[in-house]
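Participant: Structure file final29.tsv (TSV, N, CA and C atoms) right here:
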```
chain	number	residue	atom	x	y	z
A	170	MET	N	-26.62	-13.08	-26.00
A	170	MET	CA	-25.45	-13.31	-25.19
A	170	MET	C	-24.74	-11.99	-24.94
A	171	LYS	N	-24.52	-11.68	-23.67
A	171	LYS	CA	-23.91	-10.41	-23.30
A	171	LYS	C	-22.39	-10.51	-23.35
A	172	VAL	N	-21.76	-9.52	-23.98
A	172	VAL	CA	-20.32	-9.50	-24.12
A	172	VAL	C	-19.70	-8.90	-22.86
A	173	ASN	N	-18.71	-9.57	-22.32
A	173	ASN	CA	-18.01	-9.09	-21.14
A	173	ASN	C	-16.83	-8.23	-21.59
A	174	VAL	N	-17.05	-6.93	-21.69
A	174	VAL	CA	-16.03	-5.99	-22.14
A	174	VAL	C	-14.83	-6.02	-21.20
A	175	TYR	N	-15.09	-6.21	-19.93
A	175	TYR	CA	-14.01	-6.23	-18.94
A	175	TYR	C	-13.05	-7.40	-19.17
A	176	LEU	N	-13.57	-8.49	-19.70
A	176	LEU	CA	-12.70	-9.62	-20.01
A	176	LEU	C	-11.75	-9.25	-21.15
A	177	TYR	N	-12.26	-8.57	-22.16
A	177	TYR	CA	-11.40	-8.13	-23.26
A	177	TYR	C	-10.35	-7.15	-22.76
A	178	ILE	N	-10.72	-6.27	-21.87
A	178	ILE	CA	-9.76	-5.31	-21.30
A	178	ILE	C	-8.66	-6.06	-20.54
A	179	ALA	N	-9.04	-7.05	-19.75
A	179	ALA	CA	-8.07	-7.83	-18.98
A	179	ALA	C	-7.11	-8.57	-19.91
A	180	ILE	N	-7.64	-9.13	-20.98
A	180	ILE	CA	-6.80	-9.86	-21.94
A	180	ILE	C	-5.83	-8.90	-22.63
A	181	ILE	N	-6.33	-7.75	-23.04
A	181	ILE	CA	-5.47	-6.76	-23.71
A	181	ILE	C	-4.38	-6.27	-22.77
A	182	LEU	N	-4.73	-5.98	-21.52
A	182	LEU	CA	-3.72	-5.56	-20.55
A	182	LEU	C	-2.67	-6.64	-20.33
A	183	SER	N	-3.11	-7.89	-20.28
A	183	SER	CA	-2.17	-9.00	-20.11
A	183	SER	C	-1.19	-9.07	-21.27
A	184	LEU	N	-1.71	-8.91	-22.48
A	184	LEU	CA	-0.85	-8.94	-23.66
A	184	LEU	C	0.10	-7.74	-23.71
A	185	LEU	N	-0.39	-6.57	-23.33
A	185	LEU	CA	0.46	-5.38	-23.32
A	185	LEU	C	1.61	-5.52	-22.33
A	186	ILE	N	1.32	-6.09	-21.16
A	186	ILE	CA	2.37	-6.30	-20.16
A	186	ILE	C	3.38	-7.33	-20.68
A	187	LEU	N	2.89	-8.39	-21.31
A	187	LEU	CA	3.79	-9.39	-21.87
A	187	LEU	C	4.71	-8.78	-22.92
A	188	ILE	N	4.13	-8.06	-23.86
A	188	ILE	CA	4.92	-7.45	-24.93
A	188	ILE	C	5.88	-6.42	-24.36
A	189	GLY	N	5.38	-5.56	-23.48
A	189	GLY	CA	6.23	-4.54	-22.88
A	189	GLY	C	7.37	-5.11	-22.05
A	190	SER	N	7.16	-6.29	-21.50
A	190	SER	CA	8.19	-6.92	-20.67
A	190	SER	C	9.24	-7.65	-21.49
A	191	LEU	N	8.92	-8.01	-22.70
A	191	LEU	CA	9.85	-8.81	-23.49
A	191	LEU	C	10.51	-8.08	-24.64
A	192	ILE	N	10.03	-6.87	-24.97
A	192	ILE	CA	10.67	-6.14	-26.07
A	192	ILE	C	11.95	-5.48	-25.60
A	193	SER	N	12.80	-5.22	-26.52
A	193	SER	CA	14.05	-4.52	-26.23
A	193	SER	C	13.77	-3.02	-26.19
A	194	ILE	N	14.26	-2.39	-25.13
A	194	ILE	CA	14.12	-0.93	-25.04
A	194	ILE	C	15.50	-0.31	-24.99
A	195	GLN	N	15.58	0.94	-25.42
A	195	GLN	CA	16.86	1.62	-25.49
A	195	GLN	C	17.43	1.84	-24.09
A	196	VAL	N	18.73	1.80	-24.00
A	196	VAL	CA	19.42	1.96	-22.71
A	196	VAL	C	19.11	3.32	-22.10
A	197	SER	N	19.01	4.37	-22.90
A	197	SER	CA	18.73	5.71	-22.36
A	197	SER	C	17.37	5.76	-21.68
A	198	VAL	N	16.41	5.01	-22.20
A	198	VAL	CA	15.08	4.95	-21.58
A	198	VAL	C	15.17	4.25	-20.24
A	199	VAL	N	15.93	3.16	-20.18
A	199	VAL	CA	16.07	2.39	-18.94
A	199	VAL	C	16.74	3.23	-17.85
A	200	LYS	N	17.76	4.00	-18.21
A	200	LYS	CA	18.45	4.84	-17.23
A	200	LYS	C	17.51	5.89	-16.66
A	201	ASN	N	16.61	6.42	-17.47
A	201	ASN	CA	15.67	7.44	-17.00
A	201	ASN	C	14.61	6.87	-16.07
A	202	VAL	N	14.34	5.58	-16.19
A	202	VAL	CA	13.31	4.94	-15.36
A	202	VAL	C	13.81	4.81	-13.92
A	203	GLY	N	15.05	4.35	-13.74
A	203	GLY	CA	15.64	4.23	-12.41
A	203	GLY	C	14.81	3.37	-11.48
A	204	ASN	N	14.58	3.88	-10.26
A	204	ASN	CA	13.81	3.14	-9.26
A	204	ASN	C	12.31	3.17	-9.52
A	205	ASN	N	11.88	3.98	-10.44
A	205	ASN	CA	10.46	4.02	-10.78
A	205	ASN	C	10.00	2.72	-11.42
A	206	ASP	N	10.94	1.88	-11.81
A	206	ASP	CA	10.61	0.59	-12.40
A	206	ASP	C	9.75	-0.24	-11.45
A	207	LYS	N	10.09	-0.23	-10.19
A	207	LYS	CA	9.32	-1.01	-9.21
A	207	LYS	C	7.92	-0.43	-9.03
A	208	LEU	N	7.80	0.89	-9.06
A	208	LEU	CA	6.47	1.51	-8.99
A	208	LEU	C	5.65	1.16	-10.21
A	209	MET	N	6.30	1.11	-11.37
A	209	MET	CA	5.59	0.73	-12.60
A	209	MET	C	5.11	-0.71	-12.51
A	210	HIS	N	5.94	-1.60	-11.97
A	210	HIS	CA	5.53	-2.99	-11.78
A	210	HIS	C	4.34	-3.07	-10.83
A	211	CYS	N	4.44	-2.36	-9.72
A	211	CYS	CA	3.37	-2.36	-8.71
A	211	CYS	C	2.06	-1.87	-9.34
A	212	PHE	N	2.12	-0.79	-10.05
A	212	PHE	CA	0.93	-0.21	-10.68
A	212	PHE	C	0.38	-1.13	-11.77
A	213	ALA	N	1.25	-1.62	-12.64
A	213	ALA	CA	0.80	-2.45	-13.77
A	213	ALA	C	0.13	-3.73	-13.29
A	214	TYR	N	0.73	-4.40	-12.33
A	214	TYR	CA	0.15	-5.66	-11.86
A	214	TYR	C	-1.06	-5.43	-10.96
A	215	GLY	N	-1.10	-4.28	-10.30
A	215	GLY	CA	-2.30	-3.93	-9.54
A	215	GLY	C	-3.48	-3.73	-10.47
A	216	ILE	N	-3.26	-2.97	-11.54
A	216	ILE	CA	-4.32	-2.73	-12.53
A	216	ILE	C	-4.69	-4.02	-13.24
A	217	LEU	N	-3.69	-4.84	-13.58
A	217	LEU	CA	-3.97	-6.11	-14.25
A	217	LEU	C	-4.84	-7.00	-13.37
A	218	ASN	N	-4.47	-7.14	-12.10
A	218	ASN	CA	-5.25	-7.97	-11.19
A	218	ASN	C	-6.66	-7.42	-11.02
A	219	LEU	N	-6.77	-6.12	-10.89
A	219	LEU	CA	-8.07	-5.47	-10.75
A	219	LEU	C	-8.94	-5.73	-11.98
A	220	SER	N	-8.34	-5.67	-13.16
A	220	SER	CA	-9.12	-5.91	-14.38
A	220	SER	C	-9.64	-7.34	-14.43
A	221	TRP	N	-8.84	-8.30	-13.99
A	221	TRP	CA	-9.30	-9.69	-13.97
A	221	TRP	C	-10.37	-9.90	-12.91
A	222	LEU	N	-10.21	-9.26	-11.75
A	222	LEU	CA	-11.24	-9.37	-10.71
A	222	LEU	C	-12.58	-8.81	-11.19
A	223	VAL	N	-12.53	-7.68	-11.87
A	223	VAL	CA	-13.76	-7.08	-12.39
A	223	VAL	C	-14.35	-7.96	-13.50
A	224	ALA	N	-13.49	-8.52	-14.34
A	224	ALA	CA	-13.98	-9.37	-15.43
A	224	ALA	C	-14.71	-10.60	-14.90
A	225	PHE	N	-14.28	-11.12	-13.77
A	225	PHE	CA	-14.89	-12.32	-13.19
A	225	PHE	C	-15.68	-12.02	-11.93
A	226	ARG	N	-16.16	-10.79	-11.81
A	226	ARG	CA	-16.84	-10.35	-10.59
A	226	ARG	C	-18.07	-11.19	-10.24
A	227	LYS	N	-18.74	-11.73	-11.24
A	227	LYS	CA	-19.95	-12.54	-10.97
A	227	LYS	C	-19.61	-13.90	-10.39
A	228	ARG	N	-18.40	-14.34	-10.60
A	228	ARG	CA	-17.98	-15.63	-10.06
A	228	ARG	C	-17.23	-15.49	-8.74
A	229	LEU	N	-17.05	-14.26	-8.27
A	229	LEU	CA	-16.27	-14.03	-7.07
A	229	LEU	C	-16.98	-14.40	-5.79
A	230	LYS	N	-18.21	-14.82	-5.89
A	230	LYS	CA	-18.92	-15.29	-4.70
A	230	LYS	C	-18.25	-16.55	-4.16
A	231	ILE	N	-17.58	-17.24	-5.04
A	231	ILE	CA	-16.84	-18.44	-4.65
A	231	ILE	C	-15.45	-17.98	-4.20
A	232	ASN	N	-15.12	-18.22	-2.95
A	232	ASN	CA	-13.85	-17.73	-2.40
A	232	ASN	C	-12.63	-18.28	-3.13
A	233	LYS	N	-12.75	-19.47	-3.71
A	233	LYS	CA	-11.63	-20.04	-4.45
A	233	LYS	C	-11.26	-19.15	-5.63
A	234	VAL	N	-12.25	-18.63	-6.32
A	234	VAL	CA	-12.01	-17.76	-7.47
A	234	VAL	C	-11.35	-16.46	-7.01
A	235	LYS	N	-11.79	-15.96	-5.88
A	235	LYS	CA	-11.24	-14.73	-5.32
A	235	LYS	C	-9.76	-14.87	-4.98
A	236	LEU	N	-9.36	-16.06	-4.62
A	236	LEU	CA	-7.95	-16.32	-4.32
A	236	LEU	C	-7.17	-16.74	-5.56
A	237	LEU	N	-7.85	-17.40	-6.48
A	237	LEU	CA	-7.19	-17.93	-7.67
A	237	LEU	C	-6.72	-16.82	-8.61
A	238	ILE	N	-7.53	-15.80	-8.80
A	238	ILE	CA	-7.16	-14.73	-9.74
A	238	ILE	C	-5.85	-14.05	-9.34
A	239	PRO	N	-5.72	-13.56	-8.10
A	239	PRO	CA	-4.43	-12.94	-7.73
A	239	PRO	C	-3.25	-13.91	-7.83
A	240	LEU	N	-3.48	-15.17	-7.48
A	240	LEU	CA	-2.42	-16.16	-7.57
A	240	LEU	C	-1.99	-16.36	-9.02
A	241	LEU	N	-2.94	-16.43	-9.93
A	241	LEU	CA	-2.62	-16.60	-11.35
A	241	LEU	C	-1.91	-15.37	-11.92
A	242	VAL	N	-2.34	-14.18	-11.50
A	242	VAL	CA	-1.68	-12.95	-11.96
A	242	VAL	C	-0.24	-12.92	-11.46
A	243	LEU	N	-0.01	-13.33	-10.22
A	243	LEU	CA	1.35	-13.39	-9.68
A	243	LEU	C	2.19	-14.41	-10.45
A	244	CYS	N	1.63	-15.57	-10.73
A	244	CYS	CA	2.33	-16.59	-11.52
A	244	CYS	C	2.66	-16.07	-12.92
A	245	TYR	N	1.74	-15.32	-13.50
A	245	TYR	CA	1.96	-14.71	-14.81
A	245	TYR	C	3.19	-13.80	-14.76
A	246	GLY	N	3.28	-12.99	-13.71
A	246	GLY	CA	4.44	-12.11	-13.55
A	246	GLY	C	5.74	-12.88	-13.38
A	247	ILE	N	5.69	-13.97	-12.63
A	247	ILE	CA	6.88	-14.80	-12.43
A	247	ILE	C	7.30	-15.44	-13.75
A	248	ILE	N	6.34	-15.93	-14.50
A	248	ILE	CA	6.65	-16.53	-15.81
A	248	ILE	C	7.30	-15.50	-16.73
A	249	ILE	N	6.80	-14.28	-16.71
A	249	ILE	CA	7.39	-13.23	-17.55
A	249	ILE	C	8.83	-12.94	-17.12
A	250	GLU	N	9.08	-12.92	-15.81
A	250	GLU	CA	10.45	-12.71	-15.33
A	250	GLU	C	11.37	-13.84	-15.80
A	251	VAL	N	10.89	-15.07	-15.74
A	251	VAL	CA	11.68	-16.21	-16.21
A	251	VAL	C	11.93	-16.09	-17.71
A	252	LEU	N	10.91	-15.70	-18.47
A	252	LEU	CA	11.08	-15.52	-19.91
A	252	LEU	C	12.09	-14.41	-20.21
A	253	GLN	N	12.08	-13.34	-19.44
A	253	GLN	CA	13.05	-12.28	-19.65
A	253	GLN	C	14.48	-12.81	-19.49
A	254	GLN	N	14.65	-13.68	-18.53
A	254	GLN	CA	15.99	-14.24	-18.26
A	254	GLN	C	16.40	-15.26	-19.32
A	255	THR	N	15.44	-16.05	-19.79
A	255	THR	CA	15.80	-17.19	-20.64
A	255	THR	C	15.73	-16.92	-22.14
A	256	ILE	N	14.75	-16.14	-22.59
A	256	ILE	CA	14.63	-15.99	-24.05
A	256	ILE	C	15.14	-14.65	-24.58
A	257	THR	N	15.54	-13.76	-23.68
A	257	THR	CA	16.09	-12.49	-24.13
A	257	THR	C	17.54	-12.37	-23.64
A	258	ASN	N	18.31	-11.60	-24.35
A	258	ASN	CA	19.67	-11.31	-23.89
A	258	ASN	C	19.80	-9.84	-23.50
A	259	TYR	N	18.69	-9.15	-23.48
A	259	TYR	CA	18.68	-7.73	-23.15
A	259	TYR	C	17.84	-7.43	-21.91
A	260	ARG	N	17.26	-8.44	-21.29
A	260	ARG	CA	16.47	-8.29	-20.07
A	260	ARG	C	16.93	-9.32	-19.05
A	261	GLN	N	16.73	-9.01	-17.77
A	261	GLN	CA	17.10	-9.93	-16.70
A	261	GLN	C	15.93	-10.11	-15.75
A	262	ALA	N	15.85	-11.29	-15.16
A	262	ALA	CA	14.86	-11.55	-14.12
A	262	ALA	C	15.29	-10.80	-12.86
A	263	ASP	N	14.32	-10.32	-12.10
A	263	ASP	CA	14.62	-9.56	-10.89
A	263	ASP	C	13.61	-9.93	-9.81
A	264	PHE	N	14.12	-10.44	-8.69
A	264	PHE	CA	13.25	-10.81	-7.58
A	264	PHE	C	12.44	-9.62	-7.10
A	265	TYR	N	13.03	-8.43	-7.11
A	265	TYR	CA	12.33	-7.24	-6.62
A	265	TYR	C	11.18	-6.82	-7.55
A	266	ASP	N	11.28	-7.18	-8.82
A	266	ASP	CA	10.14	-6.96	-9.72
A	266	ASP	C	8.97	-7.84	-9.31
A	267	ILE	N	9.28	-9.10	-8.96
A	267	ILE	CA	8.23	-10.02	-8.50
A	267	ILE	C	7.62	-9.51	-7.19
A	268	LEU	N	8.46	-9.01	-6.31
A	268	LEU	CA	7.97	-8.45	-5.05
A	268	LEU	C	7.07	-7.23	-5.30
A	269	ALA	N	7.48	-6.37	-6.23
A	269	ALA	CA	6.66	-5.21	-6.58
A	269	ALA	C	5.33	-5.66	-7.20
A	270	ASN	N	5.37	-6.70	-8.02
A	270	ASN	CA	4.14	-7.25	-8.60
A	270	ASN	C	3.21	-7.72	-7.48
A	271	PHE	N	3.78	-8.44	-6.51
A	271	PHE	CA	3.00	-8.96	-5.39
A	271	PHE	C	2.35	-7.83	-4.59
A	272	ILE	N	3.11	-6.77	-4.36
A	272	ILE	CA	2.57	-5.62	-3.61
A	272	ILE	C	1.42	-4.98	-4.38
A	273	GLY	N	1.59	-4.79	-5.68
A	273	GLY	CA	0.53	-4.22	-6.50
A	273	GLY	C	-0.71	-5.08	-6.52
A	274	ILE	N	-0.52	-6.38	-6.63
A	274	ILE	CA	-1.65	-7.32	-6.62
A	274	ILE	C	-2.36	-7.26	-5.28
A	275	SER	N	-1.60	-7.26	-4.21
A	275	SER	CA	-2.19	-7.21	-2.86
A	275	SER	C	-2.99	-5.93	-2.64
A	276	LEU	N	-2.43	-4.80	-3.06
A	276	LEU	CA	-3.13	-3.53	-2.91
A	276	LEU	C	-4.42	-3.51	-3.72
A	277	SER	N	-4.39	-4.11	-4.91
A	277	SER	CA	-5.60	-4.13	-5.74
A	277	SER	C	-6.67	-5.04	-5.14
A	278	VAL	N	-6.26	-6.12	-4.49
A	278	VAL	CA	-7.23	-6.99	-3.81
A	278	VAL	C	-7.90	-6.22	-2.67
A	279	ILE	N	-7.11	-5.50	-1.90
A	279	ILE	CA	-7.66	-4.70	-0.80
A	279	ILE	C	-8.61	-3.64	-1.35
A	280	PHE	N	-8.18	-2.93	-2.40
A	280	PHE	CA	-9.01	-1.90	-3.00
A	280	PHE	C	-10.32	-2.49	-3.52
A	281	PHE	N	-10.22	-3.62	-4.21
A	281	PHE	CA	-11.41	-4.27	-4.75
A	281	PHE	C	-12.37	-4.66	-3.64
A	282	ASN	N	-11.85	-5.28	-2.58
A	282	ASN	CA	-12.71	-5.73	-1.48
A	282	ASN	C	-13.34	-4.57	-0.73
A	283	LEU	N	-12.63	-3.49	-0.57
A	283	LEU	CA	-13.16	-2.36	0.20
A	283	LEU	C	-14.11	-1.46	-0.60
A	284	PHE	N	-13.82	-1.28	-1.88
A	284	PHE	CA	-14.55	-0.26	-2.63
A	284	PHE	C	-15.37	-0.77	-3.82
A	285	LEU	N	-14.82	-1.68	-4.59
A	285	LEU	CA	-15.48	-2.05	-5.84
A	285	LEU	C	-16.46	-3.20	-5.73
A	286	GLU	N	-16.16	-4.19	-4.94
A	286	GLU	CA	-16.98	-5.39	-4.91
A	286	GLU	C	-18.44	-5.09	-4.58
A	287	LYS	N	-18.68	-4.18	-3.68
A	287	LYS	CA	-20.06	-3.86	-3.28
A	287	LYS	C	-20.80	-3.07	-4.37
A	288	LYS	N	-20.04	-2.31	-5.16
A	288	LYS	CA	-20.67	-1.49	-6.19
A	288	LYS	C	-20.95	-2.28	-7.47
A	289	LEU	N	-20.27	-3.38	-7.65
A	289	LEU	CA	-20.45	-4.16	-8.88
A	289	LEU	C	-21.50	-5.16	-8.65
```
Output the file's structure as structure tokens, nothing else.
Facilitator:
Amino acid sequence: MKVNVYLYIAIILSLLILIGSLISIQVSVVKNVGNNDKLMHCFAYGILNLSWLVAFRKRLKINKVKLLIPLLVLCYGIIIEVLQQTITNYRQADFYDILANFIGISLSVIFFNLFLEKKL
């Protein structure tokens, strides 16, 4: 049985984003991030979506799977935003974070379709 290393990478990235999104960070760190927060969201969710697409690349022949992965990654980001608002008192949900996640996911789908899918 062949081990899908890419699946483990996708799971680890998912957990890192979850933990990073829900832990308390110092105010001085947040002030230094500024508007780069949206770029970080875009990049993180783009990489996360790309990792899941690569992990399930053999099943991507089915168009439903190709659409389902980005949708699930977007839902994951929305759930994390809701959790930030409801279970923490040091984080807030932000619609623009969700928008940045969507942009990152969309860019990764384009990148995957144009460059990676044929090589894998």
Participant: Report the distance between CA of Leu187 in chain A and CA of Val278 in chain A in Å, rounded to one decimal place.
Facilitator: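 Going from CA of Leu187 in chain A over to CA of Val278 in chain A covers 21.3 Å.
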Participant: Using all atoms listed in the file, which of A:Ile267, A:Phe225, A:Ala179, A:Lys235 sits nearest Glu250 in chain A?
Facilitator: A:Ile267
Participant: Fewer than 5 positions away in the same chain doesn't count, so skip those; otherwise give me all residues within 6 Å of Asn270 in chain A, counting only N, CA and C atoms, as a ChimeraX atom specification.
Facilitator: /A:210-211,214,265,275
Participant: Quote the spacing between CA of Tyr175 in chain A and CA of Trp221 in chain A in Å to one decimal place.
Facilitator: 7.7 Å
Participant: Which is closest to Ile272 in chain A among A:Ile238, A:Leu243, A:Ile188, A:Ala224, if we use only C-alpha atoms?
Facilitator: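 Nearest candidate to Ile272 in chain A out of A:Ile238, A:Leu243, A:Ile188, A:Ala224: A:Leu243.
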Participant: For the atom pair atom N of Asp263 in chain A and atom N of Phe281 in chain A, what is the interatomic distance in Å to one decimal place?
Facilitator: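 Atom-to-atom, atom N of Asp263 in chain A to atom N of Phe281 in chain A, that is 26.6 Å.
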Participant: Looking at A:Ala269, A:Leu241, A:Val172, A:Ile249, which one is nearest to Leu222 in chain A, with distances taken over only C-alpha atoms?
Facilitator: A:Leu241
Participant: Just list the residues in chain A DSSP gives alpha helix (DSSP H) on the backbone, as a PyMOL selection string.
Facilitator: chain A and resi 174-191+196-202+205-224+232-256+264-280
Participant: Output, as JSON, the centre and edge lengths in Å (one decimal) of the axis-aligned box that contains all listed atoms of range 259-269 of chain A with 8 Å of margin on each side.
Facilitator:
```
{"center_x": 12.0, "center_y": -8.4, "center_z": -14.3, "size_x": 29.4, "size_y": 22.3, "size_z": 34.4}
```
Participant: Compare A:Val223, A:Leu229, A:Ala262, A:Leu237 by their minimum atom-to-atom distance to Leu285 in chain A, counting only C-alpha atoms, and give me the closest one.
Facilitator: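 So, comparing all the options, the nearest one is A:Val223.
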Participant: Find the residue from A:Phe284, A:Asp266, A:Gly189, A:Ile279 that sits nearest to Asn205 in chain A; use only C-alpha atoms when measuring.
Facilitator: A:Asp266
Participant: With only C-alpha atoms as the basis for distance, which of A:Ile231, A:Ile216, A:Leu176, A:Met209 is at the shortest distance from Ser190 in chain A?
Facilitator: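 Of all the options, A:Met209 lies closest to Ser190 in chain A.
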